[in-house]
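This is query24.cif. It holds mmCIF, C-alpha atoms.
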```cif
data_final
loop_
_atom_site.label_atom_id
_atom_site.label_comp_id
_atom_site.auth_asym_id
_atom_site.auth_seq_id
_atom_site.Cartn_x
_atom_site.Cartn_y
_atom_site.Cartn_z
CA GLY L 1 13.38 -14.26 0.88
CA ASP L 2 13.04 -10.74 2.17
CA SER L 3 12.72 -10.23 5.90
CA VAL L 4 13.04 -7.71 8.71
CA THR L 5 14.46 -8.28 12.16
CA GLN L 6 13.98 -5.73 14.90
CA MET L 7 15.03 -5.70 18.50
CA GLU L 8 12.67 -7.31 20.91
CA GLY L 9 11.03 -5.31 23.61
CA PRO L 10 9.59 -4.20 25.68
CA VAL L 11 11.65 -1.07 26.09
CA THR L 12 11.07 1.19 29.08
CA LEU L 13 12.67 4.64 29.22
CA SER L 14 12.40 7.70 31.37
CA GLU L 15 11.15 10.89 29.80
CA GLU L 16 13.87 12.79 27.90
CA ALA L 17 16.03 9.68 27.49
CA PHE L 18 17.63 8.75 24.16
CA LEU L 19 15.89 6.05 22.15
CA THR L 20 17.33 3.53 19.72
CA ILE L 21 15.35 0.67 18.26
CA ASN L 22 17.46 -1.56 16.03
CA CYS L 23 16.22 -2.89 12.71
CA THR L 24 18.11 -4.95 10.15
CA TYR L 25 16.82 -6.35 6.92
CA THR L 26 17.48 -8.99 4.29
CA ALA L 27 16.41 -8.19 0.77
CA THR L 28 17.42 -8.48 -2.83
CA GLY L 29 17.74 -5.36 -4.86
CA TYR L 30 16.93 -1.95 -3.44
CA PRO L 31 13.99 -2.03 -1.07
CA SER L 32 12.28 0.95 0.53
CA LEU L 33 12.32 1.01 4.32
CA PHE L 34 9.72 2.26 6.76
CA TRP L 35 8.98 2.78 10.40
CA TYR L 36 5.37 2.54 11.47
CA VAL L 37 3.96 3.43 14.88
CA GLN L 38 0.91 1.93 16.54
CA TYR L 39 -0.64 3.78 19.47
CA PRO L 40 -2.78 1.79 21.91
CA GLY L 41 -6.02 0.60 20.33
CA GLU L 42 -5.23 2.01 16.91
CA GLY L 43 -3.94 0.90 13.52
CA LEU L 44 -0.46 1.51 12.15
CA GLN L 45 0.61 4.98 11.09
CA LEU L 46 3.54 5.73 8.86
CA LEU L 47 6.22 7.44 10.97
CA LEU L 48 9.01 7.84 8.43
CA LYS L 49 10.49 6.28 5.33
CA ALA L 50 13.62 6.09 3.19
CA THR L 51 13.75 4.93 -0.38
CA LYS L 52 17.45 4.60 -1.15
CA ALA L 53 20.80 4.09 0.50
CA ASP L 54 21.99 6.91 2.78
CA ASP L 55 18.55 8.53 2.82
CA LYS L 56 17.48 9.79 6.23
CA GLY L 57 13.83 9.70 7.10
CA SER L 58 12.61 11.99 9.85
CA ASN L 59 9.35 12.94 11.52
CA LYS L 60 8.23 14.16 14.96
CA GLY L 61 11.83 14.11 16.22
CA PHE L 62 12.42 10.53 15.11
CA GLU L 63 15.13 9.70 12.58
CA ALA L 64 16.38 6.64 10.74
CA THR L 65 19.12 6.32 8.12
CA TYR L 66 19.08 3.70 5.39
CA ARG L 67 22.47 1.95 5.68
CA LYS L 68 22.99 -0.47 2.83
CA GLU L 69 26.45 -1.53 3.96
CA THR L 70 25.09 -2.78 7.29
CA THR L 71 21.55 -3.53 6.00
CA SER L 72 20.13 -1.50 8.86
CA PHE L 73 17.49 1.15 9.48
CA HIS L 74 17.70 1.95 13.19
CA LEU L 75 15.13 4.29 14.71
CA GLU L 76 16.41 7.06 17.00
CA LYS L 77 15.01 9.93 19.00
CA GLY L 78 17.04 12.25 21.14
CA SER L 79 14.51 12.92 23.88
CA VAL L 80 11.44 10.75 24.24
CA GLN L 81 8.14 11.89 25.72
CA VAL L 82 5.37 10.00 27.47
CA SER L 83 3.27 10.48 24.34
CA ASP L 84 5.80 8.39 22.36
CA SER L 85 4.67 5.26 24.21
CA ALA L 86 3.56 2.92 21.44
CA VAL L 87 4.59 -0.11 19.42
CA TYR L 88 7.07 0.54 16.61
CA PHE L 89 7.32 -1.61 13.50
CA CYS L 90 10.13 -1.67 10.99
CA ALA L 91 9.08 -2.69 7.48
CA LEU L 92 10.39 -3.04 3.97
CA SER L 93 8.79 -2.91 0.58
CA ASN L 94 10.39 -4.40 -2.45
CA THR L 95 9.36 -5.00 -6.02
CA GLY L 96 6.19 -7.05 -6.23
CA ASN L 97 4.09 -4.99 -3.80
CA GLN L 98 4.83 -7.20 -0.82
CA PHE L 99 5.52 -5.76 2.57
CA TYR L 100 7.59 -7.41 5.28
CA PHE L 101 7.20 -6.31 8.87
CA GLY L 102 9.25 -6.85 11.95
CA THR L 103 7.51 -8.22 15.02
CA GLY L 104 7.24 -4.82 16.66
CA THR L 105 8.95 -3.20 19.65
CA SER L 106 6.85 -1.91 22.50
CA LEU L 107 8.07 1.36 24.03
CA THR L 108 6.88 2.70 27.35
CA VAL L 109 8.06 6.13 28.49
CA ILE L 110 7.63 6.92 32.16
CA PRO L 111 7.50 10.45 33.58
CA ASP S 17 -4.84 12.56 3.24
CA VAL S 18 -5.39 8.91 2.50
CA LYS S 19 -8.18 7.47 4.53
CA VAL S 20 -8.73 3.78 5.18
CA THR S 21 -11.77 2.93 7.26
CA GLN S 22 -12.90 -0.32 8.80
CA SER S 23 -16.51 -1.08 9.58
CA SER S 24 -16.07 -1.91 13.27
CA ARG S 25 -13.47 -1.17 15.92
CA TYR S 26 -14.63 -4.00 18.18
CA LEU S 27 -16.59 -7.10 17.33
CA VAL S 28 -17.70 -10.08 19.40
CA LYS S 29 -18.95 -13.18 17.61
CA ARG S 30 -19.79 -16.74 18.53
CA THR S 31 -17.99 -19.82 17.31
CA GLY S 32 -19.40 -20.98 13.98
CA GLU S 33 -20.81 -17.63 12.94
CA LYS S 34 -20.04 -16.14 9.56
CA VAL S 35 -18.21 -12.86 10.05
CA PHE S 36 -17.72 -9.99 7.61
CA LEU S 37 -15.05 -7.36 8.11
CA GLU S 38 -15.32 -4.42 5.74
CA CYS S 39 -12.60 -2.04 4.62
CA VAL S 40 -12.96 1.06 2.47
CA GLN S 41 -10.28 3.37 1.08
CA ASP S 42 -10.91 6.71 -0.53
CA MET S 43 -7.78 7.21 -2.64
CA ASP S 44 -8.46 4.99 -5.64
CA HIS S 45 -5.64 2.62 -4.66
CA GLU S 46 -5.46 -0.57 -6.66
CA ASN S 47 -3.87 -2.69 -3.96
CA MET S 48 -5.52 -3.66 -0.70
CA PHE S 49 -4.47 -6.02 2.07
CA TRP S 50 -5.77 -7.84 5.13
CA TYR S 51 -3.45 -8.66 8.01
CA ARG S 52 -3.94 -10.10 11.41
CA GLN S 53 -1.86 -8.94 14.33
CA ASP S 54 -1.09 -11.12 17.32
CA PRO S 55 1.27 -10.49 20.23
CA GLY S 56 4.80 -11.64 19.49
CA LEU S 57 3.95 -12.51 15.89
CA GLY S 58 3.75 -9.07 14.36
CA LEU S 59 1.62 -8.65 11.24
CA ARG S 60 0.79 -11.66 9.12
CA LEU S 61 -0.69 -11.28 5.66
CA ILE S 62 -3.99 -13.09 5.11
CA TYR S 63 -4.98 -11.99 1.60
CA PHE S 64 -4.31 -9.15 -0.76
CA SER S 65 -5.94 -7.83 -3.89
CA TYR S 66 -4.34 -5.91 -6.72
CA ASP S 67 -7.50 -5.18 -8.68
CA VAL S 68 -11.25 -5.56 -8.58
CA LYS S 69 -12.26 -9.22 -8.39
CA MET S 70 -8.59 -10.25 -8.11
CA LYS S 71 -7.16 -11.80 -4.97
CA GLU S 72 -4.00 -13.53 -3.85
CA LYS S 73 -3.38 -15.66 -0.80
CA GLY S 74 -0.99 -14.37 1.77
CA ASP S 75 0.84 -16.31 4.43
CA ILE S 76 -2.16 -17.48 6.47
CA PRO S 77 -5.29 -17.70 4.28
CA GLU S 78 -6.79 -20.81 5.89
CA GLY S 79 -10.21 -20.16 7.38
CA TYR S 80 -10.62 -16.87 5.53
CA SER S 81 -11.92 -15.64 2.20
CA VAL S 82 -12.12 -12.20 0.64
CA SER S 83 -14.25 -10.23 -1.74
CA ARG S 84 -13.44 -7.20 -3.86
CA GLU S 85 -16.40 -6.19 -5.98
CA LYS S 86 -15.52 -2.50 -6.06
CA LYS S 87 -12.14 -0.85 -6.15
CA GLU S 88 -12.60 1.01 -2.89
CA ARG S 89 -13.90 -1.90 -0.82
CA PHE S 90 -12.17 -5.07 0.34
CA SER S 91 -14.00 -7.49 2.60
CA LEU S 92 -12.58 -10.23 4.77
CA ILE S 93 -14.90 -13.16 5.49
CA LEU S 94 -14.59 -15.73 8.22
CA GLU S 95 -16.78 -18.53 6.94
CA SER S 96 -17.14 -20.21 10.34
CA ALA S 97 -15.47 -18.27 13.10
CA SER S 98 -13.31 -20.13 15.57
CA THR S 99 -11.71 -19.04 18.84
CA ASN S 100 -8.23 -19.11 17.28
CA GLN S 101 -9.35 -16.32 14.98
CA THR S 102 -9.63 -13.95 17.91
CA SER S 103 -7.22 -11.23 16.89
CA MET S 104 -6.70 -7.67 15.70
CA TYR S 105 -7.43 -7.37 11.98
CA LEU S 106 -5.81 -4.59 10.00
CA CYS S 107 -6.71 -3.47 6.52
CA ALA S 108 -4.31 -1.52 4.34
CA SER S 109 -4.11 -0.05 0.87
CA SER S 110 -0.96 0.81 -1.02
CA VAL S 111 0.27 3.21 -3.64
CA PRO S 112 3.32 2.89 -5.89
CA MET S 113 6.35 4.85 -4.81
CA GLY S 114 8.98 4.28 -7.47
CA VAL S 115 9.65 0.56 -7.67
CA ALA S 116 8.26 -0.06 -4.18
CA TYR S 117 4.98 0.75 -2.48
CA GLU S 118 3.76 2.71 0.54
CA GLN S 119 1.01 1.27 2.70
CA TYR S 120 -1.73 3.05 4.57
CA PHE S 121 -3.60 1.33 7.38
CA GLY S 122 -7.07 1.46 8.81
CA PRO S 123 -7.68 1.71 12.58
CA GLY S 124 -8.11 -2.05 13.00
CA THR S 125 -10.94 -4.31 14.13
CA ARG S 126 -10.45 -6.21 17.35
CA LEU S 127 -12.43 -9.43 16.90
CA THR S 128 -13.25 -11.72 19.79
CA VAL S 129 -14.73 -15.14 19.05
CA THR S 130 -16.34 -16.82 22.03
#
```

Represent the structure of the file as structure tokens.
Amino acid sequence: GDSVTQMEGPVTLSEEAFLTINCTYTATGYPSLFWYVQYPGEGLQLLLKATKADDKGSNKGFEATYRKETTSFHLEKGSVQVSDSAVYFCALSNTGNQFYFGTGTSLTVIP
Amino acid sequence: DVKVTQSSRYLVKRTGEKVFLECVQDMDHENMFWYRQDPGLGLRLIYFSYDVKMKEKGDIPEGYSVSREKKERFSLILESASTNQTSMYLCASSVPMGVAYEQYFGPGTRLTVT
């Protein structure tokens, strides 16, 4: 069945460091891929998405490229801020209206 | 903007109580979901509904039931709360986006069962 695997955390970075959170997926067909962010005490918010191979999703300085050949959708940001501290979830949506989430990666950015 | 609201942010209940968690969305979405979130386990699907009065079991439906009498409202019911149901509960609704769907989440309800 479909599934998502993302790197385990927690991840701790200094402010202005480069961020990569790895995400790989298993799916039949052509799923859509998402990154969600969850700030402390809140629900999940959509951060970015990509609906087909080679699409790049971007938002708030974060980027992820849908790589079908490596079945990956890694999240990157060139310079993280303290306000980026949160839990990040990779997810996929395929036909049938089912969503599959990774287990989440906790990011802490220290000044 | 899509808005998904949940009736409570924090809830404390006693073992054996019947608990209702309410979720409302304002974008006329047909599909709604209930998840629970636990550390190290990510999000696990409890139930979802693709239409009024329709429901489907997710991965962990035991101990829960749901109700969808109106399109905008999806309720999660814990018939007899137990301590292992202490968790963060997240409601979501989804909209078609081509062949796949995009989900929108509420702020979550942190339930503690004592």

Closest pair table for chain L residues within 7 Å of chain S, all atoms listed in the file, as a Markdown table:
```
| residue | atom | partner | partner_atom | distance |
| --- | --- | --- | --- | --- |
| L:Pro31 | CA | S:Ala116 | CA | 6.8 |
| L:Ser32 | CA | S:Ala116 | CA | 6.3 |
| L:Glu42 | CA | S:Pro123 | CA | 5.0 |
| L:Gly43 | CA | S:Pro123 | CA | 3.9 |
| L:Leu44 | CA | S:Phe121 | CA | 5.7 |
| L:Gln45 | CA | S:Phe121 | CA | 6.7 |
| L:Ser93 | CA | S:Ala116 | CA | 5.6 |
| L:Asn94 | CA | S:Ala116 | CA | 5.1 |
| L:Thr95 | CA | S:Ala116 | CA | 5.4 |
| L:Asn97 | CA | S:Tyr117 | CA | 6.0 |
| L:Phe101 | CA | S:Leu59 | CA | 6.5 |
| L:Gly102 | CA | S:Gly58 | CA | 6.4 |
| L:Thr103 | CA | S:Gly58 | CA | 3.9 |
| L:Gly104 | CA | S:Gly58 | CA | 6.0 |
```

Could you tell me which of S:Glu46, S:Arg52, S:Glu95, S:Leu127 comes closest to Lys71 of chain S if we count all atoms listed in the file?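 Going through S:Glu46, S:Arg52, S:Glu95, S:Leu127 one by one, the smallest distance to Lys71 of chain S is for S:Glu46.
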
Atom CA of Gln98 of chain L and atom CA of Ser58 of chain L are how many Å apart? 23.3 Å

Once the PyMOL selection byres ((chain L and resi 73) around 8) has been applied to the shown file, what residues remain in the selection, as a ChimeraX atom specification? /L:22-25,33,64-67,71-72,74-75

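Put simply, the PyMOL selection byres ((chain S and resi 93) around 8) on this file hits Lys34, Val35, Phe36, Leu37, Tyr80, Ser81, Val82, Ser83, Ser91, Leu92, Leu94 and Glu95 of chain S.
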
Output file for the residues above (C-alpha atoms, as an mmCIF file, in the coordinates of the input):
```cif
data_model
loop_
_atom_site.group_PDB
_atom_site.id
_atom_site.type_symbol
_atom_site.label_atom_id
_atom_site.label_comp_id
_atom_site.auth_asym_id
_atom_site.auth_seq_id
_atom_site.Cartn_x
_atom_site.Cartn_y
_atom_site.Cartn_z
ATOM 1 C CA LYS S 34 -20.040 -16.140 9.560
ATOM 2 C CA VAL S 35 -18.210 -12.860 10.050
ATOM 3 C CA PHE S 36 -17.720 -9.990 7.610
ATOM 4 C CA LEU S 37 -15.050 -7.360 8.110
ATOM 5 C CA TYR S 80 -10.620 -16.870 5.530
ATOM 6 C CA SER S 81 -11.920 -15.640 2.200
ATOM 7 C CA VAL S 82 -12.120 -12.200 0.640
ATOM 8 C CA SER S 83 -14.250 -10.230 -1.740
ATOM 9 C CA SER S 91 -14.000 -7.490 2.600
ATOM 10 C CA LEU S 92 -12.580 -10.230 4.770
ATOM 11 C CA LEU S 94 -14.590 -15.730 8.220
ATOM 12 C CA GLU S 95 -16.780 -18.530 6.940
#
```

Skipping near chain neighbours, those fewer than 3 positions away, what residues fall within 8 Å of Glu33 of chain S using all atoms listed in the file, listed as a PyMOL selection string? chain S and resi 29-30+95-97

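Using only C-alpha atoms, the shortest contact distance between Ala91 of chain L and any of L:Ser14, L:Thr51, L:Ser79, L:Ser106 is found at L:Thr51.
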
Run the PyMOL selection byres ((chain S and resi 68) around 8) against the file shown and list the residues it catches, as a compact mmCIF listing (two decimals) with C-alpha atoms, in the coordinates of the input.
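Output file part-v7.txt is given in full below:
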```txt
# COMPACT_ATOMS: atom_id res chain seq x y z
CA GLU S 46 -5.46 -0.57 -6.66
CA SER S 65 -5.94 -7.83 -3.89
CA TYR S 66 -4.34 -5.91 -6.72
CA ASP S 67 -7.50 -5.18 -8.68
CA LYS S 69 -12.26 -9.22 -8.39
CA MET S 70 -8.59 -10.25 -8.11
CA ARG S 84 -13.44 -7.20 -3.86
CA GLU S 85 -16.40 -6.19 -5.98
CA LYS S 86 -15.52 -2.50 -6.06
CA LYS S 87 -12.14 -0.85 -6.15
```

For atom CA of Thr21 of chain S and atom CA of Val87 of chain L, quote the distance in Å rounded to one decimal. 20.6 Å

Residues proximal to (16.0, 9.5, 17.3) were defined as those with any atom within 8 Å of that point in the file's coordinates, counting all atoms listed in the file. Which are they, as a PyMOL selection string? chain L and resi 18-20+61-64+75-79

Radius query 8 Å about (-13.8, -15.9, 18.3), atoms used: only C-alpha atoms, as a VMD selection string: chain S and resid 28 to 31 97 to 102 127 to 130

Distance of atom CA of Leu107 of chain L from atom CA of Val82 of chain L, expressed in Å to one decimal place: 9.7 Å

Write out as a PDB file with C-alpha atoms, keeping the file's coordinate frame which residues come within 9 Å of Ile110 of chain L when counting all atoms listed in the file, dropping same-chain ones fewer than 4 positions away.
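Now in out.pdb:
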```pdb
ATOM      1  CA  THR L  12      11.070   1.190  29.080  1.00  0.00           C
ATOM      2  CA  LEU L  13      12.670   4.640  29.220  1.00  0.00           C
ATOM      3  CA  SER L  14      12.400   7.700  31.370  1.00  0.00           C
ATOM      4  CA  GLU L  15      11.150  10.890  29.800  1.00  0.00           C
ATOM      5  CA  GLN L  81       8.140  11.890  25.720  1.00  0.00           C
ATOM      6  CA  VAL L  82       5.370  10.000  27.470  1.00  0.00           C
ATOM      7  CA  SER L  85       4.670   5.260  24.210  1.00  0.00           C
TER       8      SER L  85
END
```
